[in-house]
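Before any comments, here is the structure.
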Amino acid sequence: MTPRRDDRPPLTLGTAGHIDHGKTALVNVLTGRNTDRLPEERSRGISIELGYAPLELPSGRRLSVVDVPGHERFVRTMVAGASGVDMFLVCVAADDGVMPQTREHMAVLRQLGVTDGAIAITKADLGDPQLAAEEATELVPRAPVVPVSAVAGTGLDDLRTALDAVASRLPGRAGEDGPVRLHVDRSFTLRGIGTVVTGTLWSGEVATGDPVRVLPRGLTARVRSVQVHDQPVERAAAGQRVALNLAGVGWREVGRGDVVTTADAHLRSGYLLDARVALEPHGRLLRRGARVHVHHGTRVAPARVAPLEGDELAPGSSGLAQLRLEAPLVALAGDRLILRQVAPPDTIGGGVVVDAAPRKHGARAEVVKRLRAIERGEPVAADEPSAPPVREVAAEPEPLDDAALALAALLRADGTAPRADADLASAAGLDERAAEHRLGRLRRAGQAVRVARNLHFHPEPLAELEARVVALCERDGQVTIAGLRDELGSSRKIAQAVLEYLDRTRVTRRDGDAHVLRRASGA
């Protein structure tokens with residue numbers, strides 16, 4: 001029998017909640033799929049990367065599930081996964097209650113405009129779920145609350161029913177106007193198939209044979225095939241979790257944070273955004289020139305904040321601001337942003353893009369008037385300079401040239417075992433001085449991290465290494481240079497450089513010949 005075509009809009013469900021509150025275990029029993037892929041995840045029971053699974057609901061509807069890590073060190077990854085979701089499943093352990101990462105995850109979802117979902121009181125077989133349910137309801141009013149146990153198998157049908165009811169009232173993204181935009185969260189290669197990228201399709205439809213571009217680099221490719229939940233389809237619609245097999249680009253040339261769009265889409269990357277910024281009540285005061293991390297889609301860019309309705313933004317307030325980025329973002333008006341402070345890392349607010357292609361300007365009355373008119377939906381002229389230059393807190397970063405992008409591609413390709421800077425320069429056809437200049441620009445753009453005097457990493461594999469070191473320390477209590485070398489299958493030089501870098505960034509501290517987690521040691 002041919003299955004009935006489901007005309008209901010596709011929806012993506014994102015998990016949320018503190019580490020060890022049972023998100024992955026619950027997704028496993030609901031979907032039959034363990035979303036932890038990495039050996040470190042399975043051996044330690046800690047999610048490090050994003051996981052994906054399809055979820056069948058009682059009505060026959062299928063949701064795409066994005067399972068996010070709950071550890072405080074991986075909030076950046078959580079934001080990348082949450083950026084395309086339509087509804088949430090918050091997990092709160094009955095024996096623990098609402099914890100710090102529960103609150104931060106909900107702040108992220110709130111700033112992304114994701115207001116519908118359900119609460120699962122997990123581990124209900126280990127304690128009375130009532131107190132945890134009350135705390136969760138206070139944090140997330142109006143969401144249905146269902147006590148469950150992944151081990152005992154209780155409450156699962158009630159949770160599926162509750163999720164079905166929430167999904168039934170959501171419009172989804174299908175049919176939304178706008179260009180094809182798939183924010184890549186994973187890129188890999190399969191034997192005999194080639195480059196595959198995955199992500200949530202924000203808008204538009206993508207089909208087999210479509211010519212596409214990969215931004216911000218502007219690479220061109222062709223869609224060889226399309227899959228949704230491991231099933232081949234001719235065409236995918238907005239709101240679905242999509243895998244695209246791309247011809248014409250290597251998998252190392254595309255990574256998390258890139259955007260796949262059609263060749264004729266009028267999208268551009270930029271270093272300036274005018275936005276309506278809203279700060280969380282617990283956040284800190286943002287004065288002119290404050291440096292933050294701006295999350296958009298699956299990409300993050302350092303930026304300076306230039307308030308446009310005063311000299312500062314207070315906690316709990318909102319106001320117009322220009323975000324002067326140190327790395328390009330591919331945004332459109334109406335897109336949601338997340339703002340996190342650099343140190344200590346914490347989600348302090350969010351925003352909505354008002355103008356995705358402004359000129360650099362100060363806090364002039366006519367600028368504010370124009371942006372408010374855009375917010376009201378009124379037609380306005382293009383942003384043009386109309387006043388003498390004003391003193392700015394930071395110059396707009398120079399766009400990266402082909403030589404810098406080539407270095408970034410080499411770093412990404414080297415992964416967890418990068419070559420020395422001199423060898424990197426040689427591979428890119430640059431002298432060492434020119435390479436150092438461009439590596440400095442990559443560092444400022446958030447696309448390279450100096451780990452040792454003559455050694456750089458691409459930030460994504462470095463984050464993976466940090467996660468592996470944390471997992472090893474939590475498993476064994478410590479890690480040594482030799483132990484990390486053997487774990488990675490790398491050189492002693494790489495292992496030593498990584499551990500010394502983690503000591504400097506206060507993830508670990510040296511204890512004799514070993515390195516231990518600072519929070520575990522009380523340091």
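Identifiers in the structure tokens: chain A, B, ... in order shown; residue index from 1 per chain; ligand index from 1 in order shown.
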Spatial neighbours of stretch 449-455 of chain A, max dist 10 Å, only C-alpha atoms, sep filter under 5 positions, as a list in words: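 Selected residues are Leu411, Pro418, Arg419, Ala420, Asp421, Ala422, Asp423, Leu424, Glu436, Leu439, Gly440, Leu442, Arg443, Arg444, Glu460, Leu462, Lys493, Ile494, Gln496, Ala497, Val498, Leu499, Glu500, Tyr501, Leu502 and Arg504 of chain A.
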Store the residues picked out above in a file with N, CA and C atoms, as a tab-separated table (two decimals), in the first residue's frame.
```
chain	number	residue	atom	x	y	z
A	411	LEU	N	43.50	24.87	7.09
A	411	LEU	CA	43.34	24.60	8.53
A	411	LEU	C	42.15	23.68	8.77
A	418	PRO	N	46.93	19.91	12.64
A	418	PRO	CA	47.38	20.93	11.68
A	418	PRO	C	48.89	20.95	11.52
A	419	ARG	N	49.32	21.39	10.35
A	419	ARG	CA	50.75	21.54	10.10
A	419	ARG	C	51.25	22.84	10.73
A	420	ALA	N	52.56	22.97	10.88
A	420	ALA	CA	53.16	24.18	11.44
A	420	ALA	C	52.91	25.35	10.51
A	421	ASP	N	52.95	26.55	11.07
A	421	ASP	CA	52.64	27.74	10.28
A	421	ASP	C	53.50	27.86	9.03
A	422	ALA	N	54.80	27.52	9.14
A	422	ALA	CA	55.69	27.62	7.99
A	422	ALA	C	55.25	26.67	6.88
A	423	ASP	N	54.86	25.45	7.26
A	423	ASP	CA	54.38	24.49	6.26
A	423	ASP	C	53.03	24.92	5.69
A	424	LEU	N	52.21	25.55	6.54
A	424	LEU	CA	50.93	26.06	6.08
A	424	LEU	C	51.14	27.14	5.02
A	436	GLU	N	51.52	35.08	8.01
A	436	GLU	CA	51.24	35.55	9.36
A	436	GLU	C	50.23	36.71	9.35
A	439	LEU	N	46.91	35.12	8.72
A	439	LEU	CA	46.48	34.36	9.89
A	439	LEU	C	45.95	35.30	10.97
A	440	GLY	N	46.56	36.47	11.10
A	440	GLY	CA	46.04	37.46	12.03
A	440	GLY	C	44.63	37.89	11.67
A	442	LEU	N	42.52	36.05	9.98
A	442	LEU	CA	41.66	34.90	10.26
A	442	LEU	C	41.35	34.80	11.75
A	443	ARG	N	42.34	35.10	12.60
A	443	ARG	CA	42.08	35.07	14.04
A	443	ARG	C	41.02	36.10	14.41
A	444	ARG	N	41.13	37.32	13.86
A	444	ARG	CA	40.16	38.36	14.17
A	444	ARG	C	38.78	38.02	13.61
A	460	GLU	N	36.76	24.84	14.76
A	460	GLU	CA	35.87	23.68	14.93
A	460	GLU	C	36.61	22.43	15.39
A	462	LEU	N	39.41	22.40	16.91
A	462	LEU	CA	39.95	22.72	18.23
A	462	LEU	C	38.86	22.53	19.29
A	493	LYS	N	53.96	16.77	19.96
A	493	LYS	CA	53.94	18.22	19.80
A	493	LYS	C	52.51	18.75	19.79
A	494	ILE	N	51.63	18.09	19.05
A	494	ILE	CA	50.23	18.53	18.98
A	494	ILE	C	49.56	18.38	20.35
A	496	GLN	N	50.88	18.29	23.34
A	496	GLN	CA	51.41	19.26	24.30
A	496	GLN	C	50.86	20.65	24.02
A	497	ALA	N	50.81	21.04	22.74
A	497	ALA	CA	50.32	22.38	22.39
A	497	ALA	C	48.86	22.54	22.80
A	498	VAL	N	48.05	21.51	22.58
A	498	VAL	CA	46.64	21.58	22.93
A	498	VAL	C	46.45	21.70	24.44
A	499	LEU	N	47.16	20.89	25.20
A	499	LEU	CA	47.00	20.93	26.66
A	499	LEU	C	47.51	22.26	27.23
A	500	GLU	N	48.60	22.78	26.71
A	500	GLU	CA	49.10	24.07	27.20
A	500	GLU	C	48.13	25.19	26.85
A	501	TYR	N	47.51	25.09	25.68
A	501	TYR	CA	46.49	26.08	25.29
A	501	TYR	C	45.29	26.00	26.24
A	502	LEU	N	44.84	24.80	26.56
A	502	LEU	CA	43.70	24.65	27.46
A	502	LEU	C	44.04	25.11	28.88
A	504	ARG	N	46.08	27.68	29.43
A	504	ARG	CA	46.05	29.14	29.33
A	504	ARG	C	44.62	29.68	29.28
```
Shell around stretch 273-283 of chain A at 10 Å using only C-alpha atoms, local window under 2 positions removed, as a PyMOL selection string: chain A and resi 107-108+110-111+270-271+285-286+305-308+313-325+329+331-341+346-361+367+371-372+375
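Closest approach to A:Ala327 among A:Gly257, A:Pro100, A:Gly178, A:Pro69: A:Gly257, based on only C-alpha atoms.
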Contacts of stretch 190-204 of chain A within 6 Å, only C-alpha atoms, excl. fewer than 5 positions in-chain, as JSON, numbers by chain: {"A": [84, 178, 179, 180, 181, 182, 183, 184, 185, 238, 239, 240, 241, 242, 243, 244, 245, 246, 250, 251]}
Same residues, N, CA and C atoms, output as an mmCIF file, in the first residue's frame:
```cif
data_model
loop_
_atom_site.group_PDB
_atom_site.id
_atom_site.type_symbol
_atom_site.label_atom_id
_atom_site.label_comp_id
_atom_site.auth_asym_id
_atom_site.auth_seq_id
_atom_site.Cartn_x
_atom_site.Cartn_y
_atom_site.Cartn_z
ATOM 1 N N GLY A 84 17.260 26.471 13.832
ATOM 2 C CA GLY A 84 16.241 26.170 12.829
ATOM 3 C C GLY A 84 15.034 25.433 13.352
ATOM 4 N N GLY A 178 10.980 33.713 0.201
ATOM 5 C CA GLY A 178 12.390 33.892 0.487
ATOM 6 C C GLY A 178 13.233 32.902 -0.277
ATOM 7 N N PRO A 179 14.499 33.181 -0.393
ATOM 8 C CA PRO A 179 15.406 32.301 -1.132
ATOM 9 C C PRO A 179 15.701 31.028 -0.366
ATOM 10 N N VAL A 180 16.195 30.039 -1.088
ATOM 11 C CA VAL A 180 16.661 28.820 -0.437
ATOM 12 C C VAL A 180 17.794 29.170 0.524
ATOM 13 N N ARG A 181 17.652 28.746 1.766
ATOM 14 C CA ARG A 181 18.717 28.950 2.753
ATOM 15 C C ARG A 181 18.831 27.712 3.623
ATOM 16 N N LEU A 182 19.921 26.993 3.446
ATOM 17 C CA LEU A 182 20.224 25.859 4.305
ATOM 18 C C LEU A 182 21.501 26.197 5.067
ATOM 19 N N HIS A 183 21.365 26.386 6.382
ATOM 20 C CA HIS A 183 22.521 26.692 7.235
ATOM 21 C C HIS A 183 23.182 25.369 7.623
ATOM 22 N N VAL A 184 24.378 25.161 7.126
ATOM 23 C CA VAL A 184 25.062 23.873 7.272
ATOM 24 C C VAL A 184 25.482 23.648 8.718
ATOM 25 N N ASP A 185 25.140 22.492 9.259
ATOM 26 C CA ASP A 185 25.636 22.137 10.592
ATOM 27 C C ASP A 185 26.583 20.943 10.556
ATOM 28 N N ALA A 238 10.993 23.879 3.092
ATOM 29 C CA ALA A 238 11.415 24.586 4.297
ATOM 30 C C ALA A 238 10.826 23.924 5.532
ATOM 31 N N GLY A 239 11.664 23.849 6.574
ATOM 32 C CA GLY A 239 11.238 23.236 7.825
ATOM 33 C C GLY A 239 11.721 21.813 7.981
ATOM 34 N N GLN A 240 12.273 21.222 6.919
ATOM 35 C CA GLN A 240 12.745 19.847 6.989
ATOM 36 C C GLN A 240 14.241 19.789 7.278
ATOM 37 N N ARG A 241 14.641 18.714 7.949
ATOM 38 C CA ARG A 241 16.053 18.382 8.079
ATOM 39 C C ARG A 241 16.473 17.754 6.761
ATOM 40 N N VAL A 242 17.485 18.316 6.124
ATOM 41 C CA VAL A 242 17.829 17.954 4.758
ATOM 42 C C VAL A 242 19.295 17.570 4.663
ATOM 43 N N ALA A 243 19.580 16.565 3.849
ATOM 44 C CA ALA A 243 20.949 16.212 3.477
ATOM 45 C C ALA A 243 21.083 16.407 1.981
ATOM 46 N N LEU A 244 22.080 17.176 1.553
ATOM 47 C CA LEU A 244 22.327 17.433 0.143
ATOM 48 C C LEU A 244 23.658 16.819 -0.266
ATOM 49 N N ASN A 245 23.628 16.019 -1.329
ATOM 50 C CA ASN A 245 24.857 15.520 -1.939
ATOM 51 C C ASN A 245 25.268 16.537 -3.006
ATOM 52 N N LEU A 246 26.406 17.203 -2.766
ATOM 53 C CA LEU A 246 26.842 18.296 -3.632
ATOM 54 C C LEU A 246 27.977 17.849 -4.541
ATOM 55 N N GLY A 250 34.545 20.048 -2.456
ATOM 56 C CA GLY A 250 35.028 19.041 -1.523
ATOM 57 C C GLY A 250 34.422 19.245 -0.149
ATOM 58 N N TRP A 251 34.298 18.173 0.626
ATOM 59 C CA TRP A 251 33.625 18.289 1.927
ATOM 60 C C TRP A 251 34.410 19.161 2.889
#
```
Every residue of stretch 120-162 of chain A that DSSP places in helix (DSSP H, G or I), as a count of residues only: 18
Near-stretch 55-68 of chain A list (9 Å; only C-alpha atoms; drop same-chain fewer than 4 positions) as a VMD selection string: chain A and resid 6 8 10 to 17 23 to 24 27 30 to 32 35 to 36 47 to 51 74 to 75 77 to 79 81 to 82 85 157 160 to 161 163 to 164 167 229 239 to 241
Strand (DSSP E) positions in stretch 135-251 of chain A, given as a ChimeraX atom specification: /A:145-147,181-190,194-203,205-207,211-215,219-228,231-233,235-237,241-247
9 Å contact set for A:His21, only C-alpha atoms, chain neighbours under 6 positions out, as a ChimeraX atom specification: /A:70,91-94,96,121-123
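For the residues A:Arg433, A:Arg518, A:Arg506, A:Arg370, ranking by smallest atom-to-atom distance to A:Gly477 using only C-alpha atoms places A:Arg518 first.
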